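Data first, discussion second: the structure below is written as structure tokens.
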Amino acid sequence: MTATGEPILRLRDLRVTFQTPAGPARAVRGVDLDVRAGESVAVVGESGSGKSVSMLATLGLLHNAEVSGSVKWGDTELVGASTDTLRSVRGRRIAMVFQDPMTSLNPVLTIGKQMSLVMKAHQPNLGKKELRTKAVDLLNRLAIPQADRRIDAYPHELSGGMRQRVMIAMAISNDPEVLIADEPTTALDVTVQAQIMELLLKLRNEHNLALVLITHDLGVVAGSADRVAVMYAGRIVERAPVLGLFASPGHPYTSALLDCLPRLDRRHDVVSSIGGTPPNPADLPEGCPFAPRCPKAIDACRSDEPNLVRIGTSDVACSVVAAGAAVGEPV
Amino acid sequence: MTDVISPARRLRRGRPEWLRGPALVGAIAITVWLLVALTVPLWSPYDPLAEVAPRLQGPSWHHLMGTDQLGRDVFTRMLWGSRTSLPVAFVVILSSVVIGTIVGAIAGYRGGWIDAVLMRFVDITMAFPPILLAMAITASLGPGVRNALIAMVLVWWPIYARLLRAQVIAVKQREYVESAEAIGVKRFAILRRYVLPMAYTPVLVNATMDFGQVVLLTASLSFIGLGARPPSPEWGAMITEGATQFYSWWIATAPGLAILVVVLAFNYVGDALRDSFDVKGVL
Amino acid sequence: MNAPLLQVTDLVKEFKVRSESGKPGVLHAVSGVNLTLHAGETLALVGESGCGKSTTGRCILRLTEPTSGTVEFNGTNLLSLDHEAMRRMRRNLQVVFQDPQASLHPRMTVRRLLGEPLEVHGMPKAEIPARIEELLRLVHLRPEFLDRYPHEFSGGQRQRVGIARALAISPALLVLDEPVSALDVSIQSEIVRLLIELRERLGLSYLFIAHDLAVVRQLADRVAVMYLGRIVETGPADLVYSNPQHPYTQALLSAVPIPDPTIELARRRIVLQGDLPSPTDPPSGCRFRTRCWRADARCASEQPLLTAMANGQEVACHYPGADTAVSVASSKP
């Protein structure tokens, strides 16, 4: 399913810098991303690639960080926006689900109470009874059995999968238009992961929700994303429709990453891997940050950092690939 | 990647970050008192035991803190008092830490009935207020600095035993301890190399804080006549003497101030140490 | 076939627990597990969290004392050894843990981490430095890393140190307890490659405990699938992956995403209903029956035993059978 129309969330040249004892760490270095209603966009990368940080910055959830660039929700600018503006968007228009439901839920409040609080924050007119009915209804929609009883349970009385469902129920309780899910299934078992992903995609279809999926797992991406943005060292190195990305990865990092993925359906004769380690955001190399690990790197890669260039249906930030494709034009 | 810099390594790196503000003042005060205790016989203004001036004179240029009812210089006696209080506190803390470590380590590492027996004993000891128990023990052994010291060790070690036991139990469950077991490292070596070094920090912090408390307890025992006896210049004993001379306020004030400074200094340093090691609410 | 290197028989591990209301109960972590591992072979023990796979591994290593059963290593029952004899036996079977950050002593340098097992098992002091250097070469770490502390390494390098430490005393069997699941994808494949290389070079046998079936596929000769303390299916890896017989194995395999959108969109996924039952109160009969679409009255009353099929696969199910829609074709790239 491919969504068309105007993007509802627009990131332009988003940058995030943290001050660390080792100097400024440039965690996100100019990210452009559009999210449209009803589509699911995956932001993929390894730890430290800036995928989570860029989304936290989008929602103004980063403290002690310098954020610049632009994040537009419709006509509203979110970077540098007032707390009130952010609050009216956060949770109401754009909701977020985190990796670990246990630490995101308050252990001393019942599920129902927490859901009520979240709903009341944006819908203050709802009465006690209505809140409860709505909460039970939400839990039912997320296939939580015996929802009318579970609503009075405390987080520790639920399994990990159940807790993540509750988190998702809370996230969608104010009918947001964008749901950002940060590694929503990483802490869960694979059969539970299947349940949760199925749910998220169902919600997207039923509510025309835009889904931003932050993940390190390209397997999950293959089954659930329409478009993919691959991040490395704080930048998007490739942006492509999911079929194109897997069929013909443009950036050498994307292909290397795909090559070293273990696959369930085959036993590799040679397990390939990417040598070296991702660079330290406080000490980035000159030029393309992937160049030190890149099999295709040429001298130019070590001096100039490439920008995203349209090649076919993909945008790729690689000097070598851009030089090889005559159709390359800047985006 | 999260870097974990162990406390010991942090200590070894030249400039200790925690030594700032009150902690720095405290450390200076402690250093000064230690120097005084070590060197005062060499430069003492007067003989602490001799009558050097008329009795009960108020503070003056010659006698900074006046003289007492026997004409002895109060300031000199206060300085000499550190030669009792500091060594006593040091020996008490050291002995308590050693005994507490042995008992706590065995109880925590072996568990089972050994743990149960040792810890019930610790519980009983800790059920009494320290001053009361120390009083009872000193009284039965007979008054004197040596007996007060023994009494204080008996009162104090269970604190460290319990603290270390809790730490040992926590550290023993860490994966690298299990990994050592899987390698086939002998049990005693695991305890010594893997468990104790990682369990020790809170004991170190607590011992620093307790130093001031032991100084106070020593003085308290002397004050009620169970520790140092007159005429020896001991802070608690000096306060006892001063307490009867109600209008010569300086006699009791000088040792009182000394105790205050030492206790505060150790508390400041201990506090800063605790914050720097991030030791969570001990006991 | 020769006598097996490792033979686990009827292994049971129960933990005494207290429920929230304070009622004493029994947690059935491992309930009668049988495993056989031959020299040079890699057996993968797979399952989801709480299935008892790690507890099984720990019982084999006697890091946890099993409740009953036997663990025979080269014909010796490890469970009958006293503490000292077991300690000496450990040179033959070593373990690599999931998180090298947690399993390496934070205040020991690599030199000490690698030297310690050698000293403990009586290598003459003079030979130790040479052996340490050899170990570093074996796991592809540079010699200048010798005086560094674990926190100075990246996750992948740390895990190499963990592997080198386990290999120091030349064990015959390595228990790998989720050795790559704490690592990033690109690092994972390096460690998997290293493990394959070491196995060939040193003739090691692996008991590979993991939840990631795609990683297991790259390493395992044989697979044993666990669910709630019992093995539900075991056999040669290729057979189990391509032709799973137990409904749980089928659901598990179908849930693992394949990084290929064309395959993903065409696949039918079995999404299991409900939650894992509590191991303090496991279902009667077949433990999977509460979530099984094939279950009937017999499954509740009668425990299915592992039964061998003609091709070498063993299944513990009253109604085994292939489910063509979910099997993952064995394809070569």
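Residue numbering restarts at 1 for every chain of the structure tokens, chains are lettered A, B, ... in their displayed order, and ligands are numbered from 1 as they appear.
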Inset, instruction - Please return, as number ranges by chain, all residues of chain C lying within 7 Å of chain B when only C-alpha atoms are considered. - result: C: 87-88, 90, 94-95, 102-105, 117, 120, 151, 154
Would you save the residues of that selection, restricted to C-alpha atoms, as an mmCIF file, in the first residue's frame?
```cif
data_model
loop_
_atom_site.group_PDB
_atom_site.id
_atom_site.type_symbol
_atom_site.label_atom_id
_atom_site.label_comp_id
_atom_site.auth_asym_id
_atom_site.auth_seq_id
_atom_site.Cartn_x
_atom_site.Cartn_y
_atom_site.Cartn_z
ATOM 1 C CA ARG C 87 35.975 -27.788 39.284
ATOM 2 C CA ARG C 88 38.713 -29.811 37.609
ATOM 3 C CA ARG C 90 35.389 -27.655 33.961
ATOM 4 C CA GLN C 94 33.267 -24.004 28.957
ATOM 5 C CA VAL C 95 30.636 -21.345 28.473
ATOM 6 C CA ALA C 102 28.422 -8.398 32.353
ATOM 7 C CA SER C 103 30.397 -11.614 32.182
ATOM 8 C CA LEU C 104 33.915 -10.167 32.144
ATOM 9 C CA HIS C 105 35.344 -8.812 35.374
ATOM 10 C CA PRO C 117 41.890 -19.913 33.464
ATOM 11 C CA VAL C 120 43.669 -22.096 37.582
ATOM 12 C CA HIS C 151 34.995 -1.290 28.954
ATOM 13 C CA SER C 154 33.340 -2.410 21.459
#
```
Inset, instruction - Kindly determine which residues of chain A lie within 7 Å of chain C, considering only C-alpha atoms, and give the answer as number ranges by chain. - result: A: 46-47, 189-191, 194-195, 218-220, 222-223, 243, 246, 257, 260-268, 271-274
Inset, instruction - Considering only C-alpha atoms, return as a ChimeraX atom specification whatever protein or nucleic-acid residues lie within 12 Å of Asn140 in chain A, sequence-local ones (same chain, fewer than 5 positions apart) excluded. - result: /A:133-135,145-151,162,165-166,169,199
Taking N, CA, C and O atoms for each residue, export the selection above as a tab-separated table (two decimals), in the first residue's frame.
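Writing the result to selection-v2.tsv gives the following:
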```tsv
chain	number	residue	atom	x	y	z
A	133	THR	N	-15.30	3.20	29.51
A	133	THR	CA	-15.83	2.51	28.33
A	133	THR	C	-14.84	2.59	27.17
A	133	THR	O	-14.58	1.60	26.48
A	134	LYS	N	-14.28	3.80	27.00
A	134	LYS	CA	-13.33	3.96	25.90
A	134	LYS	C	-12.08	3.10	26.09
A	134	LYS	O	-11.57	2.50	25.15
A	135	ALA	N	-11.62	3.05	27.34
A	135	ALA	CA	-10.41	2.26	27.63
A	135	ALA	C	-10.66	0.78	27.36
A	135	ALA	O	-9.84	0.10	26.72
A	145	PRO	N	-7.59	-10.12	25.82
A	145	PRO	CA	-8.73	-10.87	26.31
A	145	PRO	C	-9.19	-10.35	27.68
A	145	PRO	O	-8.38	-9.84	28.46
A	146	GLN	N	-10.44	-10.47	27.96
A	146	GLN	CA	-11.06	-10.03	29.22
A	146	GLN	C	-10.69	-8.59	29.54
A	146	GLN	O	-10.27	-8.28	30.65
A	147	ALA	N	-10.89	-7.73	28.56
A	147	ALA	CA	-10.46	-6.34	28.72
A	147	ALA	C	-11.11	-5.67	29.92
A	147	ALA	O	-10.47	-4.88	30.61
A	148	ASP	N	-12.37	-5.99	30.18
A	148	ASP	CA	-13.05	-5.31	31.29
A	148	ASP	C	-12.46	-5.70	32.64
A	148	ASP	O	-12.66	-5.01	33.63
A	149	ARG	N	-11.76	-6.84	32.69
A	149	ARG	CA	-11.09	-7.20	33.94
A	149	ARG	C	-9.65	-6.73	33.95
A	149	ARG	O	-9.13	-6.26	34.96
A	150	ARG	N	-8.98	-6.84	32.81
A	150	ARG	CA	-7.56	-6.45	32.73
A	150	ARG	C	-7.37	-4.97	33.02
A	150	ARG	O	-6.30	-4.53	33.43
A	151	ILE	N	-8.41	-4.20	32.79
A	151	ILE	CA	-8.27	-2.75	32.95
A	151	ILE	C	-7.95	-2.38	34.39
A	151	ILE	O	-7.37	-1.33	34.68
A	162	MET	N	1.41	-8.26	26.46
A	162	MET	CA	0.21	-7.54	26.90
A	162	MET	C	0.54	-6.10	27.22
A	162	MET	O	-0.20	-5.18	26.90
A	165	ARG	N	0.87	-4.07	24.21
A	165	ARG	CA	-0.45	-3.75	23.66
A	165	ARG	C	-1.07	-2.59	24.41
A	165	ARG	O	-1.70	-1.72	23.82
A	166	VAL	N	-0.91	-2.62	25.73
A	166	VAL	CA	-1.47	-1.53	26.54
A	166	VAL	C	-0.81	-0.21	26.14
A	166	VAL	O	-1.48	0.81	25.97
A	169	ALA	N	-2.30	0.84	23.00
A	169	ALA	CA	-3.66	1.32	23.25
A	169	ALA	C	-3.62	2.75	23.78
A	169	ALA	O	-4.39	3.61	23.35
A	199	LEU	N	-0.87	-6.28	14.67
A	199	LEU	CA	-1.74	-5.27	15.25
A	199	LEU	C	-1.45	-3.87	14.72
A	199	LEU	O	-2.35	-3.13	14.34
```
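Using only C-alpha atoms for every distance, the candidate list A:Gln114, A:Thr277, A:Asn307, A:Thr254 yields A:Thr277 as the residue closest to chain B.
Within the 12 Å cut-off around Tyr319 in chain C, using only C-alpha atoms and omitting residues fewer than 3 positions from it on the same chain, the listed residues are Gln245, His246, Pro247, Tyr248, Cys286, Arg289, Cys292, Trp293, Arg294, Ala295, Asp296, Arg298, Cys299, Pro304, Leu305, Thr307, Val315, Ala316, Ala322 and Asp323 of chain C.
Using only C-alpha atoms for every distance, the candidate list A:Ser319, A:Pro279, A:His156, A:Pro292 yields A:Pro279 as the residue closest to chain B.
Reported to one decimal place, the separation of CA of Met170 in chain A from CA of Ser224 in chain A is 21.4 Å.
Picture a line from CA of Pro277 in chain C to CA of Arg291 in chain C; it runs 9.2 Å.
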Legend entry - alpha helix (DSSP H) residues, from DSSP on the backbone, in range 99-306 of chain C, as a PyMOL selection string: chain C and resi 100-103+110-120+128-138+155-167+185-202+213-219+237-242+247-255+261-266+297-301
Legend entry - Atom-to-atom span, CA of Ala210 in chain C and CA of Thr56 in chain C, Å: 12.1 Å
Inset, instruction - Extract, using only C-alpha atoms, all DNA, RNA and protein residues at most 9 Å from Glu65 in chain C, discarding same-chain residues fewer than 6 positions from it, and format them as an MDAnalysis selection string. - result: chainID C and resid 13 58:59 79
Hey, what's within 10 Å of range 6-10 of chain A if we count only C-alpha atoms and toss same-chain stuff fewer than 4 positions away? As a PDB file with C-alpha atoms, in the first residue's frame, please?
```pdb
ATOM      1  CA  ASP A  32      15.085  14.912   5.689  1.00  0.00           C
ATOM      2  CA  LEU A  33      12.013  12.719   5.915  1.00  0.00           C
ATOM      3  CA  ASP A  34       8.372  12.955   4.844  1.00  0.00           C
ATOM      4  CA  VAL A  35       5.579  10.959   6.413  1.00  0.00           C
ATOM      5  CA  ARG A  36       2.199  10.668   4.721  1.00  0.00           C
ATOM      6  CA  ALA A  37      -1.115   9.496   6.113  1.00  0.00           C
ATOM      7  CA  THR A  58      10.903  15.404  16.345  1.00  0.00           C
ATOM      8  CA  SER A  70      12.798  22.019  10.913  1.00  0.00           C
ATOM      9  CA  VAL A  71      10.050  19.597  11.849  1.00  0.00           C
ATOM     10  CA  LYS A  72       6.703  20.605  10.448  1.00  0.00           C
ATOM     11  CA  TRP A  73       3.396  19.206  11.547  1.00  0.00           C
ATOM     12  CA  GLY A  74       1.117  20.655   8.893  1.00  0.00           C
ATOM     13  CA  ASP A  75       1.960  24.330   9.222  1.00  0.00           C
ATOM     14  CA  THR A  76       3.177  24.092  12.793  1.00  0.00           C
ATOM     15  CA  GLU A  77       6.913  24.215  13.365  1.00  0.00           C
ATOM     16  CA  ILE A  94       1.775  12.272  17.043  1.00  0.00           C
ATOM     17  CA  GLU A 177      -2.451  10.705  12.982  1.00  0.00           C
ATOM     18  CA  VAL A 178       1.132   9.547  13.331  1.00  0.00           C
ATOM     19  CA  ALA A 210       0.971   6.993   9.522  1.00  0.00           C
TER      20      ALA A 210
END
```
Inset, instruction - Considering only C-alpha atoms, return as a ChimeraX atom specification whatever protein or nucleic-acid residues lie within 10 Å of Ile239 in chain B, sequence-local ones (same chain, fewer than 5 positions apart) excluded. - result: /B:219-220,222-224,234,244-245,250-256
Inset, instruction - Extract the full set of strand (DSSP E) residues from range 73-290 of chain A according to DSSP on the backbone, and format it as a PyMOL selection string. - result: chain A and resi 73+76-77+94-97+178-182+210-215+227-232+235-241
Could you save the residues just selected, with N, CA and C atoms, as a PDB file, in the first residue's frame?
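See selection-v9.pdb below for the written result:
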```pdb
ATOM      1  N   TRP A  73       4.637  19.946  11.456  1.00  0.00           N
ATOM      2  CA  TRP A  73       3.396  19.206  11.547  1.00  0.00           C
ATOM      3  C   TRP A  73       2.364  20.089  10.872  1.00  0.00           C
ATOM      4  N   THR A  76       2.592  23.791  11.492  1.00  0.00           N
ATOM      5  CA  THR A  76       3.177  24.092  12.793  1.00  0.00           C
ATOM      6  C   THR A  76       4.629  23.645  12.842  1.00  0.00           C
ATOM      7  N   GLU A  77       5.504  24.561  13.214  1.00  0.00           N
ATOM      8  CA  GLU A  77       6.913  24.215  13.365  1.00  0.00           C
ATOM      9  C   GLU A  77       7.132  23.670  14.769  1.00  0.00           C
ATOM     10  N   ILE A  94       0.674  13.215  17.244  1.00  0.00           N
ATOM     11  CA  ILE A  94       1.775  12.272  17.043  1.00  0.00           C
ATOM     12  C   ILE A  94       1.984  11.537  18.366  1.00  0.00           C
ATOM     13  N   ALA A  95       1.849  10.235  18.345  1.00  0.00           N
ATOM     14  CA  ALA A  95       2.042   9.474  19.572  1.00  0.00           C
ATOM     15  C   ALA A  95       3.255   8.581  19.421  1.00  0.00           C
ATOM     16  N   MET A  96       3.794   8.152  20.552  1.00  0.00           N
ATOM     17  CA  MET A  96       5.010   7.338  20.487  1.00  0.00           C
ATOM     18  C   MET A  96       4.879   6.093  21.361  1.00  0.00           C
ATOM     19  N   VAL A  97       5.431   5.012  20.875  1.00  0.00           N
ATOM     20  CA  VAL A  97       5.489   3.758  21.638  1.00  0.00           C
ATOM     21  C   VAL A  97       6.958   3.404  21.800  1.00  0.00           C
ATOM     22  N   VAL A 178      -0.158  10.211  13.535  1.00  0.00           N
ATOM     23  CA  VAL A 178       1.132   9.547  13.331  1.00  0.00           C
ATOM     24  C   VAL A 178       1.470   8.746  14.581  1.00  0.00           C
ATOM     25  N   LEU A 179       1.908   7.516  14.391  1.00  0.00           N
ATOM     26  CA  LEU A 179       2.369   6.721  15.511  1.00  0.00           C
ATOM     27  C   LEU A 179       3.837   6.390  15.279  1.00  0.00           C
ATOM     28  N   ILE A 180       4.687   6.865  16.191  1.00  0.00           N
ATOM     29  CA  ILE A 180       6.113   6.551  16.086  1.00  0.00           C
ATOM     30  C   ILE A 180       6.395   5.389  17.031  1.00  0.00           C
ATOM     31  N   ALA A 181       6.860   4.294  16.491  1.00  0.00           N
ATOM     32  CA  ALA A 181       7.131   3.111  17.309  1.00  0.00           C
ATOM     33  C   ALA A 181       8.629   2.864  17.340  1.00  0.00           C
ATOM     34  N   ASP A 182       9.230   3.071  18.518  1.00  0.00           N
ATOM     35  CA  ASP A 182      10.679   2.931  18.657  1.00  0.00           C
ATOM     36  C   ASP A 182      11.014   1.513  19.110  1.00  0.00           C
ATOM     37  N   ALA A 210      -0.389   7.069  10.050  1.00  0.00           N
ATOM     38  CA  ALA A 210       0.971   6.993   9.522  1.00  0.00           C
ATOM     39  C   ALA A 210       1.837   6.331  10.583  1.00  0.00           C
ATOM     40  N   LEU A 211       2.597   5.342  10.168  1.00  0.00           N
ATOM     41  CA  LEU A 211       3.390   4.575  11.123  1.00  0.00           C
ATOM     42  C   LEU A 211       4.870   4.821  10.849  1.00  0.00           C
ATOM     43  N   VAL A 212       5.585   5.316  11.856  1.00  0.00           N
ATOM     44  CA  VAL A 212       7.036   5.443  11.709  1.00  0.00           C
ATOM     45  C   VAL A 212       7.661   4.374  12.588  1.00  0.00           C
ATOM     46  N   LEU A 213       8.330   3.439  11.960  1.00  0.00           N
ATOM     47  CA  LEU A 213       8.855   2.290  12.671  1.00  0.00           C
ATOM     48  C   LEU A 213      10.373   2.435  12.791  1.00  0.00           C
ATOM     49  N   ILE A 214      10.840   2.636  14.014  1.00  0.00           N
ATOM     50  CA  ILE A 214      12.287   2.726  14.224  1.00  0.00           C
ATOM     51  C   ILE A 214      12.771   1.334  14.592  1.00  0.00           C
ATOM     52  N   THR A 215      13.678   0.781  13.838  1.00  0.00           N
ATOM     53  CA  THR A 215      14.089  -0.590  14.132  1.00  0.00           C
ATOM     54  C   THR A 215      15.486  -0.882  13.614  1.00  0.00           C
ATOM     55  N   ARG A 227       8.048   2.415   2.918  1.00  0.00           N
ATOM     56  CA  ARG A 227       9.290   3.084   2.535  1.00  0.00           C
ATOM     57  C   ARG A 227      10.296   2.909   3.663  1.00  0.00           C
ATOM     58  N   VAL A 228      11.566   2.953   3.307  1.00  0.00           N
ATOM     59  CA  VAL A 228      12.618   2.714   4.282  1.00  0.00           C
ATOM     60  C   VAL A 228      13.646   3.833   4.208  1.00  0.00           C
ATOM     61  N   ALA A 229      14.086   4.297   5.357  1.00  0.00           N
ATOM     62  CA  ALA A 229      15.219   5.213   5.408  1.00  0.00           C
ATOM     63  C   ALA A 229      16.311   4.521   6.204  1.00  0.00           C
ATOM     64  N   VAL A 230      17.467   4.327   5.599  1.00  0.00           N
ATOM     65  CA  VAL A 230      18.574   3.664   6.284  1.00  0.00           C
ATOM     66  C   VAL A 230      19.500   4.738   6.838  1.00  0.00           C
ATOM     67  N   MET A 231      19.765   4.684   8.138  1.00  0.00           N
ATOM     68  CA  MET A 231      20.623   5.700   8.742  1.00  0.00           C
ATOM     69  C   MET A 231      21.982   5.139   9.116  1.00  0.00           C
ATOM     70  N   TYR A 232      22.989   5.978   8.962  1.00  0.00           N
ATOM     71  CA  TYR A 232      24.333   5.612   9.387  1.00  0.00           C
ATOM     72  C   TYR A 232      25.026   6.866   9.882  1.00  0.00           C
ATOM     73  N   ARG A 235      23.071  10.273   9.609  1.00  0.00           N
ATOM     74  CA  ARG A 235      22.490  10.723   8.351  1.00  0.00           C
ATOM     75  C   ARG A 235      21.717   9.594   7.690  1.00  0.00           C
ATOM     76  N   ILE A 236      20.779   9.996   6.824  1.00  0.00           N
ATOM     77  CA  ILE A 236      20.115   8.996   5.995  1.00  0.00           C
ATOM     78  C   ILE A 236      21.032   8.729   4.812  1.00  0.00           C
ATOM     79  N   VAL A 237      21.454   7.481   4.650  1.00  0.00           N
ATOM     80  CA  VAL A 237      22.337   7.166   3.539  1.00  0.00           C
ATOM     81  C   VAL A 237      21.553   6.609   2.358  1.00  0.00           C
ATOM     82  N   GLU A 238      20.344   6.100   2.653  1.00  0.00           N
ATOM     83  CA  GLU A 238      19.513   5.632   1.546  1.00  0.00           C
ATOM     84  C   GLU A 238      18.052   5.725   1.950  1.00  0.00           C
ATOM     85  N   ARG A 239      17.231   6.161   0.987  1.00  0.00           N
ATOM     86  CA  ARG A 239      15.811   6.297   1.206  1.00  0.00           C
ATOM     87  C   ARG A 239      15.151   5.661   0.005  1.00  0.00           C
ATOM     88  N   ALA A 240      14.308   4.651   0.222  1.00  0.00           N
ATOM     89  CA  ALA A 240      13.792   3.927  -0.944  1.00  0.00           C
ATOM     90  C   ALA A 240      12.504   3.204  -0.596  1.00  0.00           C
ATOM     91  N   PRO A 241      11.681   2.895  -1.615  1.00  0.00           N
ATOM     92  CA  PRO A 241      10.533   2.019  -1.391  1.00  0.00           C
ATOM     93  C   PRO A 241      11.040   0.642  -0.970  1.00  0.00           C
TER      94      PRO A 241
END
```
